[in-house]
Structure formats: C-alpha cells, structure tokens
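See below for final-v2.csv, which holds CSV, C-alpha atoms and all ligand atoms.
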chain,number,residue,atom,x,y,z
A,1,MET,CA,20.7,37.8,38.5
A,2,LYS,CA,20.6,37.7,34.7
A,3,LYS,CA,23.0,34.7,34.8
A,4,PHE,CA,20.7,33.0,37.3
A,5,ALA,CA,17.7,33.6,35.1
A,6,ILE,CA,19.5,32.1,32.1
A,7,GLU,CA,20.5,29.0,34.1
A,8,MET,CA,16.9,28.6,35.4
A,9,ARG,CA,15.7,28.8,31.8
A,10,SER,CA,18.2,26.1,30.7
A,11,PHE,CA,17.2,24.0,33.6
A,12,TRP,CA,13.5,24.1,32.6
A,13,GLN,CA,14.3,23.6,29.0
A,14,ALA,CA,16.3,20.5,29.9
A,15,TRP,CA,13.3,19.2,31.9
A,16,LEU,CA,11.0,19.9,29.1
A,17,LEU,CA,13.1,17.9,26.7
A,18,VAL,CA,13.2,15.0,29.2
A,19,VAL,CA,9.4,15.1,29.6
A,20,LEU,CA,8.9,15.3,25.8
A,21,PHE,CA,11.3,12.3,25.3
A,22,LEU,CA,9.4,10.3,27.8
A,23,ILE,CA,6.0,11.1,26.2
A,24,VAL,CA,7.3,10.1,22.7
A,25,LEU,CA,8.7,6.9,24.1
A,26,ALA,CA,5.5,6.0,25.9
A,27,GLY,CA,3.5,6.9,22.8
A,28,SER,CA,5.6,4.7,20.5
A,29,TYR,CA,5.5,1.9,23.0
A,30,ALA,CA,1.7,2.1,23.2
A,31,GLN,CA,1.4,2.1,19.5
A,32,SER,CA,3.8,-0.8,19.0
A,33,GLN,CA,1.5,-2.8,21.3
A,34,SER,CA,-1.5,-2.4,19.0
A,35,ILE,CA,-0.2,-3.8,15.8
A,36,GLY,CA,-2.0,-7.0,14.9
A,37,SER,CA,-1.3,-9.9,17.2
A,38,PRO,CA,1.9,-9.4,19.2
A,39,ALA,CA,4.8,-11.6,18.1
A,40,PRO,CA,6.6,-13.7,20.7
A,41,SER,CA,9.6,-11.9,22.1
A,42,SER,CA,12.0,-14.5,20.5
A,43,THR,CA,10.8,-13.5,17.0
A,44,ILE,CA,11.0,-9.7,17.7
A,45,SER,CA,14.6,-10.1,18.7
A,46,ALA,CA,15.3,-11.7,15.3
A,47,LEU,CA,14.6,-8.3,13.6
A,48,ASN,CA,14.7,-5.0,15.5
A,49,ILE,CA,11.4,-3.6,14.6
A,50,ASP,CA,11.6,0.1,14.5
A,51,THR,CA,8.4,1.9,15.5
A,52,THR,CA,9.7,5.2,16.6
A,53,TYR,CA,8.4,7.1,13.6
A,54,LEU,CA,4.8,5.9,14.3
A,55,SER,CA,3.7,9.1,16.0
A,56,PRO,CA,0.7,11.5,15.8
A,57,PRO,CA,-0.9,13.5,14.2
A,58,LEU,CA,-2.9,10.5,12.9
A,59,GLN,CA,-4.8,8.6,15.6
A,60,PHE,CA,-6.3,5.1,15.9
A,61,ASP,CA,-9.6,6.5,17.3
A,62,PHE,CA,-9.8,9.6,15.1
A,63,TYR,CA,-13.5,9.0,14.4
A,64,ALA,CA,-14.4,7.9,17.9
A,65,THR,CA,-16.8,10.7,18.4
A,66,SER,CA,-17.4,12.0,14.8
A,67,CYS,CA,-18.2,8.7,13.2
A,68,PRO,CA,-17.6,5.7,15.5
A,69,GLU,CA,-19.2,3.3,13.0
A,70,ALA,CA,-16.8,4.1,10.2
A,71,PRO,CA,-14.2,1.3,10.6
A,72,ALA,CA,-16.9,-1.4,11.1
A,73,ILE,CA,-18.9,-0.1,8.0
A,74,VAL,CA,-15.8,-0.4,5.9
A,75,SER,CA,-14.8,-3.7,7.2
A,76,THR,CA,-18.2,-5.2,6.8
A,77,MET,CA,-18.5,-3.9,3.2
A,78,VAL,CA,-15.0,-5.2,2.3
A,79,MET,CA,-15.7,-8.6,3.9
A,80,ASN,CA,-19.0,-9.0,2.0
A,81,ALA,CA,-17.7,-7.8,-1.3
A,82,THR,CA,-14.6,-10.1,-1.0
A,83,SER,CA,-16.9,-13.1,-0.2
A,84,TYR,CA,-18.5,-12.9,-3.7
A,85,ASP,CA,-15.6,-11.4,-5.7
A,86,PHE,CA,-12.2,-12.5,-4.6
A,87,THR,CA,-10.5,-9.8,-6.7
A,88,VAL,CA,-11.8,-7.0,-4.4
A,89,ALA,CA,-9.4,-7.5,-1.5
A,90,PRO,CA,-6.1,-7.5,-3.5
A,91,GLN,CA,-7.2,-4.5,-5.5
A,92,LEU,CA,-8.0,-2.5,-2.3
A,93,LEU,CA,-4.6,-3.3,-0.8
A,94,ARG,CA,-2.8,-2.4,-4.0
A,95,MET,CA,-4.8,0.9,-4.3
A,96,PHE,CA,-3.5,2.0,-0.8
A,97,PHE,CA,0.1,1.5,-2.0
A,98,HIS,CA,-0.5,3.2,-5.3
A,99,ASP,CA,-2.1,6.1,-3.6
A,100,CYS,CA,0.5,6.6,-0.8
A,101,ILE,CA,3.7,6.1,-2.9
A,102,VAL,CA,2.6,8.9,-5.4
A,103,GLN,CA,2.4,12.3,-3.7
A,104,GLY,CA,1.3,10.7,-0.3
A,105,CYS,CA,-1.8,9.1,1.1
A,106,ASP,CA,-4.2,11.8,0.0
A,107,ALA,CA,-6.6,9.8,-2.2
A,108,SER,CA,-5.1,11.4,-5.3
A,109,LEU,CA,-5.4,8.0,-6.9
A,110,LEU,CA,-9.2,8.3,-6.8
A,111,LEU,CA,-9.6,11.7,-8.5
A,112,ASN,CA,-10.9,11.6,-12.1
A,113,SER,CA,-9.3,13.5,-14.9
A,114,THR,CA,-10.7,16.9,-15.6
A,115,LEU,CA,-11.8,18.2,-18.9
A,116,LEU,CA,-11.4,22.0,-18.6
A,117,TYR,CA,-13.2,24.5,-20.8
A,118,THR,CA,-10.1,24.5,-23.0
A,119,ASN,CA,-11.0,20.9,-23.9
A,120,SER,CA,-7.5,19.8,-22.8
A,121,PRO,CA,-7.8,17.0,-20.4
A,122,LEU,CA,-5.6,17.0,-17.3
A,123,TYR,CA,-4.8,13.3,-17.0
A,124,ALA,CA,-4.9,12.0,-13.4
A,125,GLU,CA,-3.0,9.2,-11.7
A,126,LYS,CA,-5.9,6.9,-12.5
A,127,ASP,CA,-5.2,7.3,-16.2
A,128,PHE,CA,-1.6,6.0,-15.9
A,129,GLN,CA,-1.2,2.6,-17.4
A,130,LYS,CA,0.0,0.9,-14.1
A,131,ASN,CA,-3.4,1.9,-12.7
A,132,ASP,CA,-5.3,0.5,-15.6
A,133,ARG,CA,-6.1,-2.8,-13.9
A,134,PHE,CA,-8.1,-1.3,-11.1
A,135,ASP,CA,-11.8,-1.8,-11.8
A,136,LYS,CA,-13.0,-1.4,-8.2
A,137,PHE,CA,-13.0,2.4,-7.9
A,138,SER,CA,-16.7,2.2,-8.0
A,139,PHE,CA,-16.7,0.0,-4.9
A,140,VAL,CA,-14.7,2.7,-3.0
A,141,ASP,CA,-17.4,5.1,-4.1
A,142,LEU,CA,-20.0,2.8,-2.6
A,143,ILE,CA,-18.2,2.8,0.7
A,144,LYS,CA,-18.0,6.6,0.6
A,145,GLN,CA,-21.8,6.8,-0.1
A,146,GLU,CA,-22.6,4.6,2.8
A,147,LEU,CA,-20.3,6.6,5.1
A,148,GLU,CA,-21.8,9.9,3.8
A,149,SER,CA,-25.3,8.6,4.7
A,150,VAL,CA,-24.2,7.9,8.3
A,151,CYS,CA,-21.8,10.7,9.0
A,152,PRO,CA,-21.9,13.3,6.2
A,153,GLY,CA,-18.7,15.2,5.4
A,154,VAL,CA,-16.6,13.5,8.1
A,155,VAL,CA,-14.7,10.5,6.7
A,156,SER,CA,-12.0,11.3,4.1
A,157,CYS,CA,-11.4,9.1,1.0
A,158,ALA,CA,-7.8,8.8,2.0
A,159,ASP,CA,-8.9,7.2,5.3
A,160,ILE,CA,-11.3,5.0,3.4
A,161,LEU,CA,-8.4,3.6,1.4
A,162,ALA,CA,-6.5,3.0,4.6
A,163,MET,CA,-9.4,1.2,6.4
A,164,ALA,CA,-10.2,-0.7,3.2
A,165,ALA,CA,-6.6,-2.0,3.0
A,166,VAL,CA,-6.5,-3.4,6.5
A,167,SER,CA,-10.0,-4.8,6.0
A,168,ALA,CA,-8.8,-6.5,2.8
A,169,ILE,CA,-6.0,-8.2,4.8
A,170,ALA,CA,-8.5,-9.4,7.4
A,171,ALA,CA,-10.9,-10.6,4.6
A,172,THR,CA,-8.1,-12.8,3.2
A,173,GLN,CA,-7.4,-14.5,6.5
A,174,GLY,CA,-4.6,-12.2,7.5
A,175,PRO,CA,-4.1,-10.4,10.8
A,176,GLU,CA,-6.6,-7.8,12.0
A,177,TYR,CA,-4.4,-4.7,11.8
A,178,GLN,CA,-5.2,-1.4,13.3
A,179,ILE,CA,-4.3,1.7,11.4
A,180,GLU,CA,-4.2,5.4,12.4
A,181,LEU,CA,-6.8,7.7,10.8
A,182,GLY,CA,-7.2,11.4,10.3
A,183,ARG,CA,-5.9,11.9,6.8
A,184,ARG,CA,-7.6,14.5,4.6
A,185,ASP,CA,-8.1,14.4,0.9
A,186,GLY,CA,-5.8,16.1,-1.6
A,187,LEU,CA,-6.8,18.5,-4.3
A,188,SER,CA,-4.6,17.4,-7.2
A,189,SER,CA,-3.7,14.3,-9.2
A,190,TYR,CA,-1.3,14.1,-12.1
A,191,GLN,CA,-0.6,11.1,-14.3
A,192,ASP,CA,3.1,12.2,-14.6
A,193,ASN,CA,3.5,11.8,-10.8
A,194,ALA,CA,2.3,8.2,-11.0
A,195,GLN,CA,4.7,7.6,-13.9
A,196,THR,CA,7.6,8.9,-11.9
A,197,HIS,CA,6.8,7.2,-8.6
A,198,LEU,CA,5.2,3.8,-9.2
A,199,PRO,CA,7.9,1.2,-9.2
A,200,GLY,CA,8.2,-1.0,-12.3
A,201,PHE,CA,7.9,-4.8,-12.3
A,202,TYR,CA,11.3,-5.0,-14.2
A,203,LEU,CA,13.3,-3.3,-11.4
A,204,ASN,CA,16.1,-4.8,-9.4
A,205,VAL,CA,16.6,-4.1,-5.7
A,206,SER,CA,18.5,-0.9,-6.3
A,207,GLY,CA,15.7,0.4,-8.5
A,208,LEU,CA,13.1,-0.6,-6.0
A,209,LEU,CA,15.0,1.0,-3.2
A,210,ASP,CA,15.3,4.3,-5.1
A,211,SER,CA,11.5,4.3,-5.3
A,212,PHE,CA,10.9,3.3,-1.7
A,213,ASN,CA,13.6,5.5,-0.2
A,214,ASN,CA,12.2,8.4,-2.0
A,215,ALA,CA,9.0,7.9,-0.1
A,216,GLY,CA,10.8,7.5,3.2
A,217,LEU,CA,10.5,3.7,3.2
A,218,ASP,CA,13.6,1.5,3.8
A,219,ILE,CA,14.8,-1.9,2.8
A,220,VAL,CA,12.9,-3.7,5.5
A,221,ASP,CA,9.7,-2.0,4.4
A,222,LEU,CA,10.5,-3.0,0.8
A,223,VAL,CA,10.8,-6.7,1.6
A,224,ALA,CA,7.9,-6.7,4.1
A,225,LEU,CA,5.5,-4.7,1.9
A,226,SER,CA,6.3,-6.7,-1.2
A,227,GLY,CA,4.7,-9.6,0.8
A,228,ALA,CA,1.4,-8.0,-0.2
A,229,HIS,CA,1.9,-10.0,-3.4
A,230,THR,CA,0.8,-13.0,-1.3
A,231,ILE,CA,-2.7,-12.1,-2.5
A,232,GLY,CA,-3.9,-11.3,-5.9
A,233,GLN,CA,-3.0,-11.8,-9.5
A,234,GLY,CA,-0.8,-10.3,-12.2
A,235,HIS,CA,-1.1,-10.4,-16.0
A,236,CYS,CA,1.0,-11.5,-18.9
A,237,ASP,CA,2.2,-8.0,-19.7
A,238,SER,CA,3.9,-7.7,-16.3
A,239,ILE,CA,6.1,-10.7,-17.0
A,240,GLN,CA,7.0,-10.0,-20.6
A,241,ASP,CA,10.6,-9.3,-19.6
A,242,ARG,CA,10.9,-12.8,-18.1
A,243,LEU,CA,9.6,-14.6,-21.2
A,244,GLN,CA,12.2,-13.3,-23.7
A,245,SER,CA,14.4,-15.7,-25.5
A,246,PRO,CA,17.0,-16.0,-24.0
A,247,PRO,CA,15.3,-15.0,-20.8
A,248,ILE,CA,16.9,-12.3,-18.7
A,249,TYR,CA,18.0,-12.8,-15.1
A,250,PRO,CA,16.5,-13.9,-12.7
A,251,ILE,CA,15.3,-16.9,-14.7
A,252,TYR,CA,12.2,-18.9,-13.8
A,253,PRO,CA,12.7,-22.6,-13.1
A,254,SER,CA,12.2,-24.3,-16.5
A,255,TYR,CA,8.9,-26.0,-15.6
A,256,PHE,CA,7.5,-22.6,-14.5
A,257,LEU,CA,8.9,-20.9,-17.6
A,258,ASN,CA,7.1,-23.4,-19.8
A,259,GLN,CA,3.9,-22.9,-17.8
A,260,MET,CA,4.1,-19.1,-18.2
A,261,LYS,CA,4.9,-19.4,-21.9
A,262,THR,CA,1.8,-21.6,-22.3
A,263,VAL,CA,-0.3,-19.1,-20.6
A,264,CYS,CA,1.2,-15.9,-22.1
A,265,GLN,CA,2.4,-16.8,-25.7
A,266,THR,CA,0.4,-17.5,-28.8
A,267,PRO,CA,1.0,-20.9,-30.5
A,268,ASP,CA,3.5,-19.2,-32.9
A,269,GLY,CA,5.6,-18.2,-30.0
A,270,THR,CA,4.9,-14.5,-30.1
A,271,PHE,CA,4.0,-12.7,-26.9
A,272,ASP,CA,0.2,-12.6,-26.2
A,273,ASN,CA,-0.6,-9.4,-24.5
A,274,ASN,CA,-3.8,-10.8,-23.2
A,275,VAL,CA,-5.5,-10.4,-19.9
A,276,VAL,CA,-5.0,-13.8,-18.5
A,277,ALA,CA,-4.6,-13.5,-14.7
A,278,ILE,CA,-1.7,-15.3,-13.1
A,279,ASP,CA,-1.6,-16.1,-9.4
A,280,MET,CA,1.2,-14.2,-7.7
A,281,ASP,CA,1.6,-16.5,-4.8
A,282,VAL,CA,1.2,-20.0,-6.3
A,283,ASN,CA,0.9,-21.5,-2.9
A,284,SER,CA,-2.2,-19.7,-1.6
A,285,THR,CA,-3.4,-17.0,-4.0
A,286,PHE,CA,-6.1,-15.4,-1.9
A,287,ILE,CA,-4.8,-16.1,1.6
A,288,PHE,CA,-2.7,-13.4,3.3
A,289,ASP,CA,0.2,-15.5,4.6
A,290,ASN,CA,4.0,-15.9,4.1
A,291,GLY,CA,3.6,-18.1,1.0
A,292,TYR,CA,5.0,-15.3,-1.2
A,293,TYR,CA,8.4,-15.6,0.5
A,294,LYS,CA,8.4,-19.4,0.2
A,295,GLY,CA,7.6,-18.9,-3.5
A,296,LEU,CA,10.7,-16.6,-3.9
A,297,ILE,CA,12.9,-19.3,-2.4
A,298,ALA,CA,11.5,-21.8,-4.8
A,299,GLY,CA,12.3,-19.4,-7.7
A,300,VAL,CA,8.7,-18.7,-8.6
A,301,GLY,CA,8.3,-15.1,-7.7
A,302,LEU,CA,6.1,-13.8,-10.5
A,303,PHE,CA,7.7,-10.5,-11.4
A,304,THR,CA,11.4,-9.6,-11.8
A,305,SER,CA,11.0,-7.2,-8.9
A,306,ASP,CA,9.8,-10.1,-6.7
A,307,GLN,CA,12.5,-12.6,-7.6
A,308,PHE,CA,15.3,-10.1,-7.2
A,309,LEU,CA,14.5,-9.9,-3.5
A,310,TYR,CA,15.9,-13.4,-3.2
A,311,THR,CA,18.9,-13.0,-5.4
A,312,ASP,CA,20.2,-9.7,-3.9
A,313,PRO,CA,22.3,-10.4,-0.8
A,314,ARG,CA,20.9,-7.3,0.9
A,315,THR,CA,17.4,-8.6,0.9
A,316,MET,CA,17.8,-12.4,0.7
A,317,PRO,CA,18.2,-12.8,4.6
A,318,LEU,CA,14.9,-10.9,5.1
A,319,VAL,CA,13.1,-13.1,2.6
A,320,GLU,CA,14.4,-16.2,4.5
A,321,LEU,CA,13.4,-14.8,7.8
A,322,PHE,CA,9.8,-14.1,6.6
A,323,ALA,CA,9.6,-17.4,4.9
A,324,GLN,CA,10.6,-19.2,8.1
A,325,ASN,CA,8.6,-17.0,10.5
A,326,GLN,CA,5.1,-16.0,9.5
A,327,GLU,CA,4.4,-14.2,12.8
A,328,LEU,CA,7.5,-12.0,12.3
A,329,PHE,CA,6.3,-11.2,8.7
A,330,PHE,CA,2.8,-10.2,10.1
A,331,GLN,CA,4.4,-8.0,12.7
A,332,GLN,CA,6.7,-6.2,10.3
A,333,PHE,CA,4.1,-5.9,7.6
A,334,GLY,CA,1.8,-4.1,10.1
A,335,VAL,CA,4.5,-1.7,11.1
A,336,SER,CA,5.6,-1.0,7.5
A,337,LEU,CA,2.0,-0.6,6.3
A,338,ARG,CA,1.3,2.0,9.0
A,339,LYS,CA,4.5,3.7,8.0
A,340,MET,CA,3.5,3.7,4.4
A,341,GLY,CA,0.1,5.1,5.5
A,342,LYS,CA,1.8,8.2,6.9
A,343,ILE,CA,3.6,9.3,3.7
A,344,ASN,CA,2.9,13.0,3.2
A,345,VAL,CA,-0.5,12.9,4.8
A,346,LEU,CA,-2.7,16.0,4.9
A,347,THR,CA,-4.2,16.7,8.4
A,348,GLY,CA,-5.9,19.4,10.4
A,349,THR,CA,-7.1,22.0,7.9
A,350,GLN,CA,-5.1,20.9,4.9
A,351,GLY,CA,-6.9,19.6,1.8
A,352,GLN,CA,-10.6,18.7,2.3
A,353,ILE,CA,-13.0,15.9,3.0
A,354,ARG,CA,-14.3,15.1,-0.4
A,355,GLN,CA,-18.1,14.5,-0.8
A,356,ASN,CA,-17.3,12.1,-3.7
A,357,CYS,CA,-14.0,10.4,-3.9
A,358,TRP,CA,-13.6,11.0,-7.6
A,359,VAL,CA,-14.0,14.8,-7.6
A,360,ARG,CA,-12.8,17.8,-5.6
A,361,ASN,CA,-15.6,19.6,-3.8
A,362,SER,CA,-14.7,22.9,-5.4
A,363,ASN,CA,-14.8,21.6,-8.9
A,364,THR,CA,-18.4,20.5,-9.2
A,365,ALA,CA,-19.7,23.8,-10.7
A,366,ASP,CA,-17.1,24.7,-13.3
A,367,VAL,CA,-15.4,21.5,-14.6
A,368,ASP,CA,-16.6,18.5,-16.5
A,369,PHE,CA,-15.3,15.2,-15.4
A,370,LEU,CA,-14.4,12.4,-17.7
A,371,PRO,CA,-16.4,9.5,-16.3
A,372,ARG,CA,-14.2,6.6,-15.2
A,373,ILE,CA,-15.6,3.6,-13.4
A,401,LIG,C1,8.0,-3.4,-4.6
A,401,LIG,C2,7.5,-2.8,-5.7
A,401,LIG,C3,6.2,-3.3,-6.3
A,401,LIG,C4,6.1,-3.6,-7.7
A,401,LIG,C5,7.2,-3.5,-8.7
A,401,LIG,C6,4.8,-4.1,-7.9
A,401,LIG,C7,4.2,-4.5,-9.1
A,401,LIG,C8,3.0,-5.1,-9.2
A,401,LIG,C9,2.5,-5.6,-10.5
A,401,LIG,C10,3.3,-5.5,-11.8
A,401,LIG,C11,1.3,-6.1,-10.2
A,401,LIG,C12,0.4,-6.8,-11.2
A,401,LIG,C13,-0.2,-6.0,-12.2
A,401,LIG,C14,-0.8,-6.8,-13.3
A,401,LIG,O1,-0.1,-7.4,-14.0
A,401,LIG,O2,-2.1,-6.8,-13.3
A,401,LIG,C15,1.0,-6.0,-8.8
A,401,LIG,C16,-0.1,-6.4,-8.2
A,401,LIG,C17,-0.3,-6.2,-6.9
A,401,LIG,N1,0.4,-5.5,-6.0
A,401,LIG,FE1,2.3,-4.8,-6.3
A,401,LIG,N2,4.1,-4.0,-6.7
A,401,LIG,C18,5.0,-3.6,-5.7
A,401,LIG,C19,4.7,-3.3,-4.4
A,401,LIG,C20,3.4,-3.5,-3.8
A,401,LIG,C21,3.1,-3.1,-2.5
A,401,LIG,C22,4.0,-2.4,-1.5
A,401,LIG,C23,1.8,-3.5,-2.3
A,401,LIG,C24,0.9,-3.3,-1.1
A,401,LIG,C25,1.3,-3.0,0.1
A,401,LIG,C26,1.4,-4.2,-3.5
A,401,LIG,C27,0.2,-4.8,-3.6
A,401,LIG,C28,-0.2,-5.5,-4.8
A,401,LIG,C29,-1.4,-6.4,-4.9
A,401,LIG,C30,-2.3,-6.7,-3.7
A,401,LIG,C31,-1.5,-6.8,-6.2
A,401,LIG,C32,-2.6,-7.7,-6.8
A,401,LIG,C33,-3.6,-6.8,-7.4
A,401,LIG,C34,-4.8,-7.6,-8.0
A,401,LIG,O3,-4.9,-8.8,-7.8
A,401,LIG,O4,-5.6,-7.0,-8.6
A,401,LIG,N3,2.4,-4.2,-4.4
A,401,LIG,N4,2.1,-5.3,-8.2

Kindly return the structure encoded in the file as structure tokens.
Amino acid sequence: MKKFAIEMRSFWQAWLLVVLFLIVLAGSYAQSQSIGSPAPSSTISALNIDTTYLSPPLQFDFYATSCPEAPAIVSTMVMNATSYDFTVAPQLLRMFFHDCIVQGCDASLLLNSTLLYTNSPLYAEKDFQKNDRFDKFSFVDLIKQELESVCPGVVSCADILAMAAVSAIAATQGPEYQIELGRRDGLSSYQDNAQTHLPGFYLNVSGLLDSFNNAGLDIVDLVALSGAHTIGQGHCDSIQDRLQSPPIYPIYPSYFLNQMKTVCQTPDGTFDNNVVAIDMDVNSTFIFDNGYYKGLIAGVGLFTSDQFLYTDPRTMPLVELFAQNQELFFQQFGVSLRKMGKINVLTGTQGQIRQNCWVRNSNTADVDFLPRI
C-alpha cells in the first residue's frame, strides 16, 4: 500500500512537471511574440534568439488596473521632450543601462547622495564620474510628478526608467518595444558600486564580457545592446585613449583620426578635455537604426569598446549580421533590452515605491539631501 502511495505521488509529480514545463513554454512563446515587430522567419533562423529567461514576475500589463495611463503618459512626455531637445532620448536609454548594470534595475541611479548628521556625505551612483554627463534627471522627476498626480504611490521610478527607455527608442524612429513592468525601487545607492560595475570605454571584448556576464548578460546581449550607441553623443574625454601618439589599437582610419584630433586637441597638440559632443553613429546620430554596426565595419566606432567588437573574432560575425540585417538587430535588441531590464529587480513587497525618485520615502525626516539636478 505504502509502495503504491509513493508510486502515485511520483506519477502526479511527473505530471506536475510536464504541466509546469508546458506553461513556461507557452509563456515564453507568448512573450517572444510581443517584442517589437516580428522579424521574418528567415532572419530569426540566422540567430537563435533565446527568450526562455523572459518569464514573470514582471508583467507587460502590470499597471492595467492600478494606472492604465502610465505607459502613454511616459511615452507622450518623452516624445514631446525629444522633439525640442534631441539629447533627451539618448540620455534616457543610457540611464536605463547605467541603472540596471549597477545593483539591478532599482532606480538606484536616481537617488541623491545623503549628507548625514555626521556631515560625511555618502556618495551615490549619480556622483560617479561616468554618470556626470546625465543632465536629465530632473526630466525623470517631471515624469514622476505627472504620474503621482494621476496615480499616487503606484508607479515605481525603476519602471519609469524602463518605460522611458523604450519610449526613447520609439522617439528616435526605432521599433515600438513592449517591456515588462512591476519593478520596485531600491533603498540604497553607492558610488563604489557604479565604479565597479560600469564598463569603461577603453575595454576590449574580454573586459566588456566580464562586466556583462557579471550581470547575467551574454555575448549576444553585449553586441546587440552596444547598438544603443546608434543614438547620442560622446565627448572628447571618452576617446583620449584613441588620440595618443602613437595611437593604440584599434586605430581610427587616418581621416577620422585627424577629424577627432581637430575636435579634441588644442592647437599645440595637447589633449583638450573639453565638452565638445561627438556623434557616436556618424551615419545617423539621432535615428535608432543599424548604422552603428555599419560604422564599426568602416572603422569609425567612436570608443575603443565599440571598435573592438569588430576586431575580435568572437563578436565580428554578430556585428556583420546586424549591419546586414536591421530587422534582426531590432529583434535581438528588444530581447536583450528586456533581459537587461530584469537584472536583480525588486518585486512584490521588496523595496518601495518612491514618492520622489531622488529620495527614499523613509529618509525625508532625518536626512538632508545634497541637491543634484
Ligand atoms: C558595452 C559597454 C558600454 C560602454 C563601454 C559604454 C560607454 C559609453 C560612453 C563612454 C559614452 C559617452 C560618454 C561621453 O563621452 O559623454 C556612452 C554613451 C551612451 N551610451 Fe554607452 N556604453 C556601453 C553600453 C551601453 C548600453 C548597453 C547602452 C544602452 C542599452 C548604452 C547607451 C548609451 C547611449 C544612448 C549613449 C549616448 C548618451 C548621450 O548622448 O547623452 N551604452 N556610452
């Protein structure tokens, strides 16, 4: 009798496993159908797009009952802002990356430093030098204010960054991606974490992979997500390493090297650490397309980290694939962006929904905040 009971239990366990497997399979299929515009099957077969990790707890319709207007509000605000200031969209897309790769997508990037009673400031991610160029944090605060007026205490700052990133892509003529929502906001932000986890512009593919693998992203994600450099601008200090004499590998074509030297060096030949903005995708700076990969093939990837993608045999074939097939790039970028958007997310009762993106709810009474716009 006991043996029969054990056998019956194993039988039901096996069935449960089969049913669970089918549910997961159906879920990942359904999700894979809603990424941007579907690529033709011939292109999908060129790169086996892996969508199996794209599973709950985040959901596309997370705010369907609590704040159905949220995605449209974010999208409209990003569209409008980008139409009068073209630097808004690239910054929002970059912010999502800088938030997610450091400690997960928890809006830790948005928290201000604290100045405790001890007068010793705790520097936040925002204060790290690689985050210096962001000057649109106040725009995120505006989005938050608008959402708070419509649905108070409901939409997290972490989700605002996610929605703003996909809206930024649409605002620059890219695909209209869907992204899952339901992230909650973290309670901490440390400059040191940003220093450890944000990849440097001087890295080769192995260095970049260390950074991406550490966050659960793979080589395909690295090449696809680097395609974000199809929009926006860099500055001279991010190409210092490429203007040395003799220049270090990988070397710009001589016409481009001269151009960059003209922009970034003073007449006496010394490096001018000025704030001149340089287009990252020389073909189409503010259009989300596959021009970035075409630029790499032409040797004009702006940063060392960009150009290495076309010199390293592990990544070169992917660069060629995305340069040849924009639909495939769009498809894979959507998958990789959603994967990035799931790094260490807080859900359920973890973290909190901040009232203001720059401060934890609990701190308003006993901590001063260093203002940072
Ligand atoms: C692969 C490693 C990466 C490195 C080393 C890197 C590095 C950089 C650097 C150095 C800049 C320019 C900073 C400046 O000089 O002002 C930049 C800009 C930018 N990055 Fe990345 N990045 C990487 C990956 C990503 C990813 C994954 C995304 C988004 C998914 C992204 C989005 C952007 C955008 C949109 C800009 C332009 C920002 C603007 O115009 O204000 N980057 N990145």

Residues within 8 Å of ligand LIG 401 (chain A), counting only C-alpha atoms and all ligand atoms: report them as a count of residues only. 46

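Nearest to Asp221 of chain A of all the residues A:Leu122, A:Leu209, A:Val263, A:Ala323 is A:Leu209, based on all atoms listed in the file.
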
Which residues come within 7 Å of Val319 of chain A, counting only C-alpha atoms, excluding same-chain residues fewer than 2 positions away, as a ChimeraX atom specification? /A:223,293,310,315-317,321-323

Using only the atoms of segment 64-77 of chain A listed in the file, plus 6 Å on each side, state the axis-aligned box centre and edge lengths in Å rounded to one decimal, as AutoDock Vina command-line options.
--center_x -16.7 --center_y 3.4 --center_z 10.8 --size_x 17.0 --size_y 29.2 --size_z 27.2

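Proximity to Gly341 of chain A was assessed for A:Asp159, A:Asp281, A:Asp127, A:Glu148 counting all atoms listed in the file; the smallest distance is recorded for A:Asp159.
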
Skipping near chain neighbours, those fewer than 6 positions away, what residues fall within 6 Å of segment 179-189 of chain A using only C-alpha atoms, listed as a list in words?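 Surrounding residues, per the criterion: Leu58, Gln59, Phe60, Phe62, Asp106, Ala107, Ser108, Ala124, Glu125, Ser156, Ala158, Asp159, Val345, Leu346, Thr347, Gly351, Gln352 and Ile353 of chain A.
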
Expressed in Å to a single decimal, how great is the separation between atom CA of Glu327 of chain A and atom CA of Ser83 of chain A? 25.0 Å

Set the distance at 8 Å and use all atoms listed in the file: which residues neighbour Ala70 of chain A once local chain neighbours fewer than 5 positions away are removed? I'd like the list as a count of residues only. 3

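Note that atom CA of Asp279 of chain A and atom CA of Val300 of chain A are 10.7 Å apart.
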
Do you have the atom CA of Ser206 of chain A-atom CA of Ser254 of chain A distance handy? 26.3 Å

Can you list, as an mmCIF file with C-alpha atoms, in the coordinates of the input, every protein, DNA or RNA residue that comes within 8 Å of Gln103 of chain A when you count only C-alpha atoms, leaving out same-chain residues fewer than 4 positions away?
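As written to disk, selection.cif reads:
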data_model
loop_
_atom_site.group_PDB
_atom_site.id
_atom_site.type_symbol
_atom_site.label_atom_id
_atom_site.label_comp_id
_atom_site.auth_asym_id
_atom_site.auth_seq_id
_atom_site.Cartn_x
_atom_site.Cartn_y
_atom_site.Cartn_z
ATOM 1 C CA ASP A 99 -2.100 6.100 -3.600
ATOM 2 C CA SER A 108 -5.100 11.400 -5.300
ATOM 3 C CA ASN A 193 3.500 11.800 -10.800
ATOM 4 C CA ASN A 344 2.900 13.000 3.200
#

Exercise: Asp241 of chain A partners within 8 Å, only C-alpha atoms, chain neighbours under 5 positions left out, as a list of chain:residue names: A:Tyr202, A:Pro247, A:Ile248, A:Thr304

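Residue nearest Gly334 of chain A, chosen from A:Asn80, A:Ala224, A:Thr114, A:Ala194 and counting all atoms listed in the file: A:Ala224.
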